[in-house]
Amino acid sequence: MLARAFNSAASALRTPNLPRNGSKVVVAMSGGVDSSVTAKLLAEKDYDLSAVFMRNWDTQDESGTDVGCEWEKDWEDVQRVCRKLDIPCQMVDLSREYWLRVFEPAISTWEKGNTPNPDVQCNGEIKFGALFDNLPERTDFLATGHYARKAHHPQNHRPQLMRANDSLKDQTYYLSSISESSLDKALFPLANFSKTQVREIAQSAGFHNASREESMGLCFVGERRRFNDFLGEYVTPRPGPILEIDTNVPLGQHNGLWTYTIGQGARLPGLATRLFIARKDYQKNTMYVALPDHPALFTSNVVSNNFSWIWRDAPPTSAFTPKGFRASVQIRHRMATVPVTVRQRWTTNAVQITFDEPHKAVAQGQVAVLYDGDHCLGCGTIDETTILAGSDLQK
């Protein structure tokens with residue numbers, strides 16, 4: 001286990017932070033079935049329980065439209081469930097914090113042609129960041145409807161973020177940017193439940209949202225809009241050429257590097273063979289496409305220049321050796337982890353992650369999350385990629 005290799009700074013003994021009768025618990029609710037059942041499970045305990053709803057998006061920020069997050073309906077759903085459970089609830093407007101700490105950085109990343117994951121940043125910066133700062137005084141725990149587990153290290157009792165029992169619903173990828181101090185005060189009551197069980201509990205409780213469909217995609221885009229149409233309101237279109245990667249033969253035009261991600265099929269009418277986005281050149285505003293088995297689509301290693309360990313003071317000591325340490329990595333939600341070797345530089349937070357086997361469709365801007373078995377160690381944005389093709393195509 002990697003836990004045994006963590007440096008001495010992580011060895012200080014402490015008492016596990018566990019809820020007890022009378023603990024002041026706030027449950028973050030979205031109006032969906034998961035957070036509603038989370039509230040019900042907590043209401044059955046002897047806690048001082050209340051609920052909070054985050055408004056993260058102001059539709060007035062949009063350019064002449066009003067079809068972003070349907071927060072008013074979500075807020076009404078939260079209030080209906082809370083009335084049924086007889087627990088107080090309040091709304092906290094974090095739209096400004098979300099705009100500055102999540103949305104604007106994501107826009108900057110998209111403008112460069114890279115592929116950010118705002119949902120990962122939202123959990124670290126907003127739900128387990130700004131929201132914590134807006135909770136009532138003397139709050140002991142913040143509970144959420146995430147499918148994840150929290151354990152405590154058997155020796156030093158520090159909190160560990162662990163995968164949920166339902167591997168298909170596991171959301172530790174999205175929680176990987178959480179700090180240790182926030183994780184210490186987090187509760188995940190759905191850790192041992194499947195989605196089917198959660199819906200059954202909601203139905204037996206008579207919740208009106210028991211059959212509500214899961215929200216898909218980014219909240220600020222909304223359910224009725226195309227992503228590129230939305231993003232086009234914030235990113236200036238920069239049309240440029242699409243070239244075949246080996247011959248530089250022009251095959252079409254793109255409307256902006258942000259309209260495609262690495263590994264995505266290119267929409268090029270009239271071609272007998274489907275081609276995929278293999279590389280973007282920001283300086284030349286050019287996309288390159290290749291056949292699905294082309295080496296340029298495969299990455300041998302990535303670098304994250306500011307990797308964030310959940311235990312900030314304690315990356316495995318072997319990370320600083322030429323040999324590195326063994327782990328597994330996930331770069332997309334619901335992607336199966338793959339084995340890697342991890343090395344960290346002494347003087348920086350930069351981490352190099354080397355795949356055992358070249359991995360397909362890795363994009364700069366994506367979030368690389370490291371695991372030791374089921375234990376989530378932390379995450380970092382991918383800043384550099386090394387592909388299998390010649391050095392002139394690398395990065």
# chains A, B, ... in the order shown; residues from 1 in each chain; ligands from 1
>>> closest_atom_pairs(of="segment 238-272 of chain A", to="segment 92-115 of chain A", cutoff="8 Å", atoms="only C-alpha atoms", output="tab-separated table")
residue	atom	partner	partner_atom	distance
A:Gly256	CA	A:Gly113	CA	7.6
A:Leu257	CA	A:Gly113	CA	4.5
A:Trp258	CA	A:Gly113	CA	4.5
A:Thr261	CA	A:Thr115	CA	6.4
>>> write_last_selection(atoms="C-alpha atoms", output="PDB file, in the first residue's frame")
ATOM      1  CA  GLY A 256     -12.198  27.579 -33.152  1.00  0.00           C
ATOM      2  CA  LEU A 257      -9.808  25.143 -31.474  1.00  0.00           C
ATOM      3  CA  TRP A 258     -12.254  24.876 -28.575  1.00  0.00           C
ATOM      4  CA  THR A 261     -11.167  17.920 -28.242  1.00  0.00           C
TER       5      THR A 261
END
>>> closest_atom_pairs(of="segment 127-232 of chain A", to="segment 30-39 of chain A", cutoff="10 Å", atoms="only C-alpha atoms", output="CSV")
residue,atom,partner,partner_atom,distance
A:Ala143,CA,A:Thr38,CA,7.7
A:Thr144,CA,A:Ser35,CA,6.3
A:Gly145,CA,A:Ser35,CA,4.3
A:His146,CA,A:Asp34,CA,7.5
A:Tyr147,CA,A:Asp34,CA,8.8
A:Leu187,CA,A:Thr38,CA,9.7
A:Phe188,CA,A:Thr38,CA,8.0
A:Pro189,CA,A:Thr38,CA,6.0
A:Leu190,CA,A:Thr38,CA,6.6
A:Lys195,CA,A:Asp34,CA,8.1
A:Gln197,CA,A:Val37,CA,10.0
A:Val198,CA,A:Val37,CA,6.5
A:Arg199,CA,A:Val33,CA,7.0
A:Glu200,CA,A:Val37,CA,9.7
A:Ile201,CA,A:Val37,CA,6.9
A:Ala202,CA,A:Val37,CA,6.0
A:Gln203,CA,A:Val33,CA,9.7
A:Ala205,CA,A:Val37,CA,8.8
A:Phe207,CA,A:Ser36,CA,8.1
A:His208,CA,A:Val33,CA,9.2
A:Asn209,CA,A:Val33,CA,6.0
A:Ala210,CA,A:Val33,CA,5.7
A:Ser211,CA,A:Val33,CA,7.7
A:Arg212,CA,A:Val33,CA,6.8
A:Glu213,CA,A:Gly32,CA,8.2
A:Glu214,CA,A:Gly32,CA,7.4
A:Ser215,CA,A:Gly32,CA,8.3
>>> atom_distance(atom1="atom CA of Gln155 of chain A", atom2="atom CA of His375 of chain A")
15.3 Å
>>> select_by_dssp(residues="segment 313-381 of chain A", states="helix (DSSP H, G or I)", output="ChimeraX atom specification")
/A:317-320
>>> atom_distance(atom1="atom CA of Ile387 of chain A", atom2="atom CA of Phe298 of chain A")
5.6 Å
>>> residues_around(residues="segment 266-283 of chain A", least_positions_apart="2", cutoff="8 Å", atoms="only C-alpha atoms", output="PyMOL selection string")
chain A and resi 112-113+245+251-252+257+260-264+285-292+296-297+361+393
>>> residues_around(residues="Leu49 of chain A", least_positions_apart="2", cutoff="9 Å", atoms="only C-alpha atoms", output="list in words")
Gly22, Ser23, Lys24, Val25, Val26, Val27, Ala39, Leu42, Ala43, Lys45, Asp46, Tyr47, Ala51, Ile87 and Pro88 of chain A
>>> atom_distance(atom1="atom CA of Pro239 of chain A", atom2="atom CA of Asp293 of chain A")
26.9 Å
>>> residues_around(residues="His254 of chain A", least_positions_apart="5", cutoff="7 Å", atoms="only C-alpha atoms", output="list of chain:residue names")
A:Pro239, A:Gly240, A:Pro241, A:Ile242
>>> select_by_dssp(residues="segment 152-297 of chain A", states="strand (DSSP E or B)", output="number ranges by chain")
A: 152, 159-163, 186-187, 240-244, 250-254, 265, 276-281, 286-290
>>> write_last_selection(atoms="N, CA and C atoms", output="PDB file, in the first residue's frame")
ATOM      1  N   HIS A 152     -10.592   6.488   7.230  1.00  0.00           N
ATOM      2  CA  HIS A 152      -9.525   7.110   8.000  1.00  0.00           C
ATOM      3  C   HIS A 152      -8.325   6.168   8.015  1.00  0.00           C
ATOM      4  N   PRO A 159      -8.162  11.661   7.140  1.00  0.00           N
ATOM      5  CA  PRO A 159      -9.251  11.252   6.245  1.00  0.00           C
ATOM      6  C   PRO A 159      -8.720  10.841   4.874  1.00  0.00           C
ATOM      7  N   GLN A 160      -9.364   9.836   4.292  1.00  0.00           N
ATOM      8  CA  GLN A 160      -9.011   9.347   2.965  1.00  0.00           C
ATOM      9  C   GLN A 160     -10.261   9.335   2.091  1.00  0.00           C
ATOM     10  N   LEU A 161     -10.127   9.818   0.869  1.00  0.00           N
ATOM     11  CA  LEU A 161     -11.224   9.778  -0.101  1.00  0.00           C
ATOM     12  C   LEU A 161     -11.162   8.447  -0.830  1.00  0.00           C
ATOM     13  N   MET A 162     -12.240   7.656  -0.733  1.00  0.00           N
ATOM     14  CA  MET A 162     -12.274   6.305  -1.280  1.00  0.00           C
ATOM     15  C   MET A 162     -13.413   6.180  -2.291  1.00  0.00           C
ATOM     16  N   ARG A 163     -13.233   5.255  -3.223  1.00  0.00           N
ATOM     17  CA  ARG A 163     -14.285   5.002  -4.206  1.00  0.00           C
ATOM     18  C   ARG A 163     -15.547   4.475  -3.525  1.00  0.00           C
ATOM     19  N   ALA A 186     -16.389  16.397   5.670  1.00  0.00           N
ATOM     20  CA  ALA A 186     -17.361  15.960   4.667  1.00  0.00           C
ATOM     21  C   ALA A 186     -18.016  14.646   5.075  1.00  0.00           C
ATOM     22  N   LEU A 187     -19.280  14.496   4.696  1.00  0.00           N
ATOM     23  CA  LEU A 187     -20.008  13.240   4.879  1.00  0.00           C
ATOM     24  C   LEU A 187     -20.594  12.826   3.533  1.00  0.00           C
ATOM     25  N   GLY A 240      -9.955  28.374 -38.633  1.00  0.00           N
ATOM     26  CA  GLY A 240      -8.617  27.987 -39.060  1.00  0.00           C
ATOM     27  C   GLY A 240      -8.663  26.685 -39.826  1.00  0.00           C
ATOM     28  N   PRO A 241      -7.531  26.261 -40.367  1.00  0.00           N
ATOM     29  CA  PRO A 241      -7.505  25.068 -41.212  1.00  0.00           C
ATOM     30  C   PRO A 241      -7.473  23.771 -40.418  1.00  0.00           C
ATOM     31  N   ILE A 242      -8.013  22.731 -41.029  1.00  0.00           N
ATOM     32  CA  ILE A 242      -7.878  21.359 -40.549  1.00  0.00           C
ATOM     33  C   ILE A 242      -7.013  20.629 -41.565  1.00  0.00           C
ATOM     34  N   LEU A 243      -5.866  20.113 -41.108  1.00  0.00           N
ATOM     35  CA  LEU A 243      -4.903  19.478 -41.998  1.00  0.00           C
ATOM     36  C   LEU A 243      -4.730  18.004 -41.656  1.00  0.00           C
ATOM     37  N   GLU A 244      -4.436  17.191 -42.666  1.00  0.00           N
ATOM     38  CA  GLU A 244      -4.055  15.794 -42.434  1.00  0.00           C
ATOM     39  C   GLU A 244      -2.667  15.800 -41.814  1.00  0.00           C
ATOM     40  N   PRO A 250      -4.916  20.211 -46.736  1.00  0.00           N
ATOM     41  CA  PRO A 250      -6.111  20.829 -46.142  1.00  0.00           C
ATOM     42  C   PRO A 250      -7.356  19.972 -46.395  1.00  0.00           C
ATOM     43  N   LEU A 251      -8.127  19.750 -45.324  1.00  0.00           N
ATOM     44  CA  LEU A 251      -9.338  18.929 -45.436  1.00  0.00           C
ATOM     45  C   LEU A 251     -10.598  19.685 -45.040  1.00  0.00           C
ATOM     46  N   GLY A 252     -10.446  20.848 -44.462  1.00  0.00           N
ATOM     47  CA  GLY A 252     -11.619  21.602 -44.044  1.00  0.00           C
ATOM     48  C   GLY A 252     -11.236  22.764 -43.158  1.00  0.00           C
ATOM     49  N   GLN A 253     -12.257  23.351 -42.517  1.00  0.00           N
ATOM     50  CA  GLN A 253     -12.069  24.494 -41.632  1.00  0.00           C
ATOM     51  C   GLN A 253     -12.722  24.210 -40.286  1.00  0.00           C
ATOM     52  N   HIS A 254     -12.125  24.733 -39.225  1.00  0.00           N
ATOM     53  CA  HIS A 254     -12.765  24.701 -37.908  1.00  0.00           C
ATOM     54  C   HIS A 254     -13.151  26.125 -37.527  1.00  0.00           C
ATOM     55  N   GLY A 265     -14.081  12.639 -33.144  1.00  0.00           N
ATOM     56  CA  GLY A 265     -14.227  12.467 -34.579  1.00  0.00           C
ATOM     57  C   GLY A 265     -14.421  13.801 -35.275  1.00  0.00           C
ATOM     58  N   PHE A 276      -9.848  11.604 -36.944  1.00  0.00           N
ATOM     59  CA  PHE A 276     -10.008  12.066 -35.571  1.00  0.00           C
ATOM     60  C   PHE A 276      -9.013  13.186 -35.268  1.00  0.00           C
ATOM     61  N   ILE A 277      -9.426  14.080 -34.357  1.00  0.00           N
ATOM     62  CA  ILE A 277      -8.552  15.182 -33.966  1.00  0.00           C
ATOM     63  C   ILE A 277      -7.366  14.609 -33.194  1.00  0.00           C
ATOM     64  N   ALA A 278      -6.152  14.837 -33.731  1.00  0.00           N
ATOM     65  CA  ALA A 278      -4.950  14.281 -33.119  1.00  0.00           C
ATOM     66  C   ALA A 278      -4.075  15.343 -32.465  1.00  0.00           C
ATOM     67  N   ARG A 279      -4.152  16.566 -32.940  1.00  0.00           N
ATOM     68  CA  ARG A 279      -3.273  17.606 -32.415  1.00  0.00           C
ATOM     69  C   ARG A 279      -3.867  18.968 -32.714  1.00  0.00           C
ATOM     70  N   LYS A 280      -3.587  19.935 -31.819  1.00  0.00           N
ATOM     71  CA  LYS A 280      -3.960  21.331 -32.048  1.00  0.00           C
ATOM     72  C   LYS A 280      -2.707  22.193 -31.912  1.00  0.00           C
ATOM     73  N   ASP A 281      -2.546  23.132 -32.806  1.00  0.00           N
ATOM     74  CA  ASP A 281      -1.440  24.090 -32.735  1.00  0.00           C
ATOM     75  C   ASP A 281      -2.036  25.469 -32.474  1.00  0.00           C
ATOM     76  N   THR A 286      -4.348  25.850 -35.869  1.00  0.00           N
ATOM     77  CA  THR A 286      -4.522  24.752 -36.816  1.00  0.00           C
ATOM     78  C   THR A 286      -4.830  23.454 -36.083  1.00  0.00           C
ATOM     79  N   MET A 287      -5.760  22.681 -36.644  1.00  0.00           N
ATOM     80  CA  MET A 287      -6.052  21.337 -36.160  1.00  0.00           C
ATOM     81  C   MET A 287      -5.477  20.322 -37.133  1.00  0.00           C
ATOM     82  N   TYR A 288      -5.020  19.188 -36.555  1.00  0.00           N
ATOM     83  CA  TYR A 288      -4.517  18.090 -37.368  1.00  0.00           C
ATOM     84  C   TYR A 288      -5.355  16.849 -37.095  1.00  0.00           C
ATOM     85  N   VAL A 289      -5.703  16.139 -38.152  1.00  0.00           N
ATOM     86  CA  VAL A 289      -6.521  14.935 -38.019  1.00  0.00           C
ATOM     87  C   VAL A 289      -5.734  13.727 -38.500  1.00  0.00           C
ATOM     88  N   ALA A 290      -6.144  12.547 -38.005  1.00  0.00           N
ATOM     89  CA  ALA A 290      -5.427  11.318 -38.329  1.00  0.00           C
ATOM     90  C   ALA A 290      -6.380  10.138 -38.294  1.00  0.00           C
TER      91      ALA A 290
END
>>> residues_around(residues="segment 354-359 of chain A", least_positions_apart="6", cutoff="8 Å", atoms="only C-alpha atoms", output="mmCIF file with N, CA and C atoms, in the first residue's frame")
data_model
loop_
_atom_site.group_PDB
_atom_site.id
_atom_site.type_symbol
_atom_site.label_atom_id
_atom_site.label_comp_id
_atom_site.auth_asym_id
_atom_site.auth_seq_id
_atom_site.Cartn_x
_atom_site.Cartn_y
_atom_site.Cartn_z
ATOM 1 N N PHE A 298 -1.924 8.680 -29.522
ATOM 2 C CA PHE A 298 -1.558 7.933 -28.322
ATOM 3 C C PHE A 298 -0.487 8.683 -27.535
ATOM 4 N N THR A 299 -0.675 8.727 -26.219
ATOM 5 C CA THR A 299 0.205 9.470 -25.320
ATOM 6 C C THR A 299 0.992 8.514 -24.440
ATOM 7 N N SER A 300 2.298 8.768 -24.313
ATOM 8 C CA SER A 300 3.139 7.921 -23.461
ATOM 9 C C SER A 300 3.246 8.467 -22.044
ATOM 10 N N ASN A 301 3.241 9.795 -21.882
ATOM 11 C CA ASN A 301 3.261 10.370 -20.535
ATOM 12 C C ASN A 301 2.688 11.778 -20.562
ATOM 13 N N VAL A 302 2.298 12.244 -19.392
ATOM 14 C CA VAL A 302 1.769 13.599 -19.235
ATOM 15 C C VAL A 302 2.464 14.267 -18.062
ATOM 16 N N VAL A 338 -5.950 3.184 -15.400
ATOM 17 C CA VAL A 338 -4.876 2.442 -16.063
ATOM 18 C C VAL A 338 -3.607 2.594 -15.234
ATOM 19 N N PRO A 339 -2.725 1.578 -15.250
ATOM 20 C CA PRO A 339 -1.512 1.622 -14.428
ATOM 21 C C PRO A 339 -0.486 2.621 -14.955
ATOM 22 N N VAL A 340 0.172 3.292 -14.030
ATOM 23 C CA VAL A 340 1.154 4.319 -14.381
ATOM 24 C C VAL A 340 2.292 4.327 -13.364
ATOM 25 N N THR A 341 3.370 5.008 -13.735
ATOM 26 C CA THR A 341 4.461 5.331 -12.818
ATOM 27 C C THR A 341 4.481 6.841 -12.633
ATOM 28 N N VAL A 342 4.620 7.276 -11.385
ATOM 29 C CA VAL A 342 4.517 8.698 -11.052
ATOM 30 C C VAL A 342 5.834 9.184 -10.462
ATOM 31 N N LEU A 388 3.310 9.578 -29.392
ATOM 32 C CA LEU A 388 4.208 8.579 -29.949
ATOM 33 C C LEU A 388 4.831 8.996 -31.265
#
>>> closest_residue(among="A:Asp229, A:Asp246, A:Asp166, A:Asp184", to="Pro16 of chain A", atoms="only C-alpha atoms")
A:Asp184
>>> decode(residues="segment 320-341 of chain A", atoms="C-alpha atoms", output="PDB file, in the first residue's frame")
ATOM      1  CA  PHE A 320      11.011  11.848  -5.663  1.00  0.00           C
ATOM      2  CA  THR A 321      13.211   8.967  -6.858  1.00  0.00           C
ATOM      3  CA  PRO A 322      14.076   8.174 -10.497  1.00  0.00           C
ATOM      4  CA  LYS A 323      12.077   4.960 -10.164  1.00  0.00           C
ATOM      5  CA  GLY A 324       8.964   6.793  -8.978  1.00  0.00           C
ATOM      6  CA  PHE A 325       5.980   4.963  -7.504  1.00  0.00           C
ATOM      7  CA  ARG A 326       3.242   2.809  -8.924  1.00  0.00           C
ATOM      8  CA  ALA A 327      -0.347   4.023  -9.068  1.00  0.00           C
ATOM      9  CA  SER A 328      -3.305   4.170 -11.426  1.00  0.00           C
ATOM     10  CA  VAL A 329      -4.736   7.187 -13.211  1.00  0.00           C
ATOM     11  CA  GLN A 330      -8.131   8.282 -14.474  1.00  0.00           C
ATOM     12  CA  ILE A 331      -8.424  11.194 -16.908  1.00  0.00           C
ATOM     13  CA  ARG A 332     -12.161  11.114 -17.604  1.00  0.00           C
ATOM     14  CA  HIS A 333     -15.254  10.313 -15.560  1.00  0.00           C
ATOM     15  CA  ARG A 334     -16.255   6.640 -15.826  1.00  0.00           C
ATOM     16  CA  MET A 335     -13.004   5.772 -17.552  1.00  0.00           C
ATOM     17  CA  ALA A 336     -11.347   2.648 -16.170  1.00  0.00           C
ATOM     18  CA  THR A 337      -8.112   3.511 -14.389  1.00  0.00           C
ATOM     19  CA  VAL A 338      -4.876   2.442 -16.063  1.00  0.00           C
ATOM     20  CA  PRO A 339      -1.512   1.622 -14.428  1.00  0.00           C
ATOM     21  CA  VAL A 340       1.154   4.319 -14.381  1.00  0.00           C
ATOM     22  CA  THR A 341       4.461   5.331 -12.818  1.00  0.00           C
TER      23      THR A 341
END
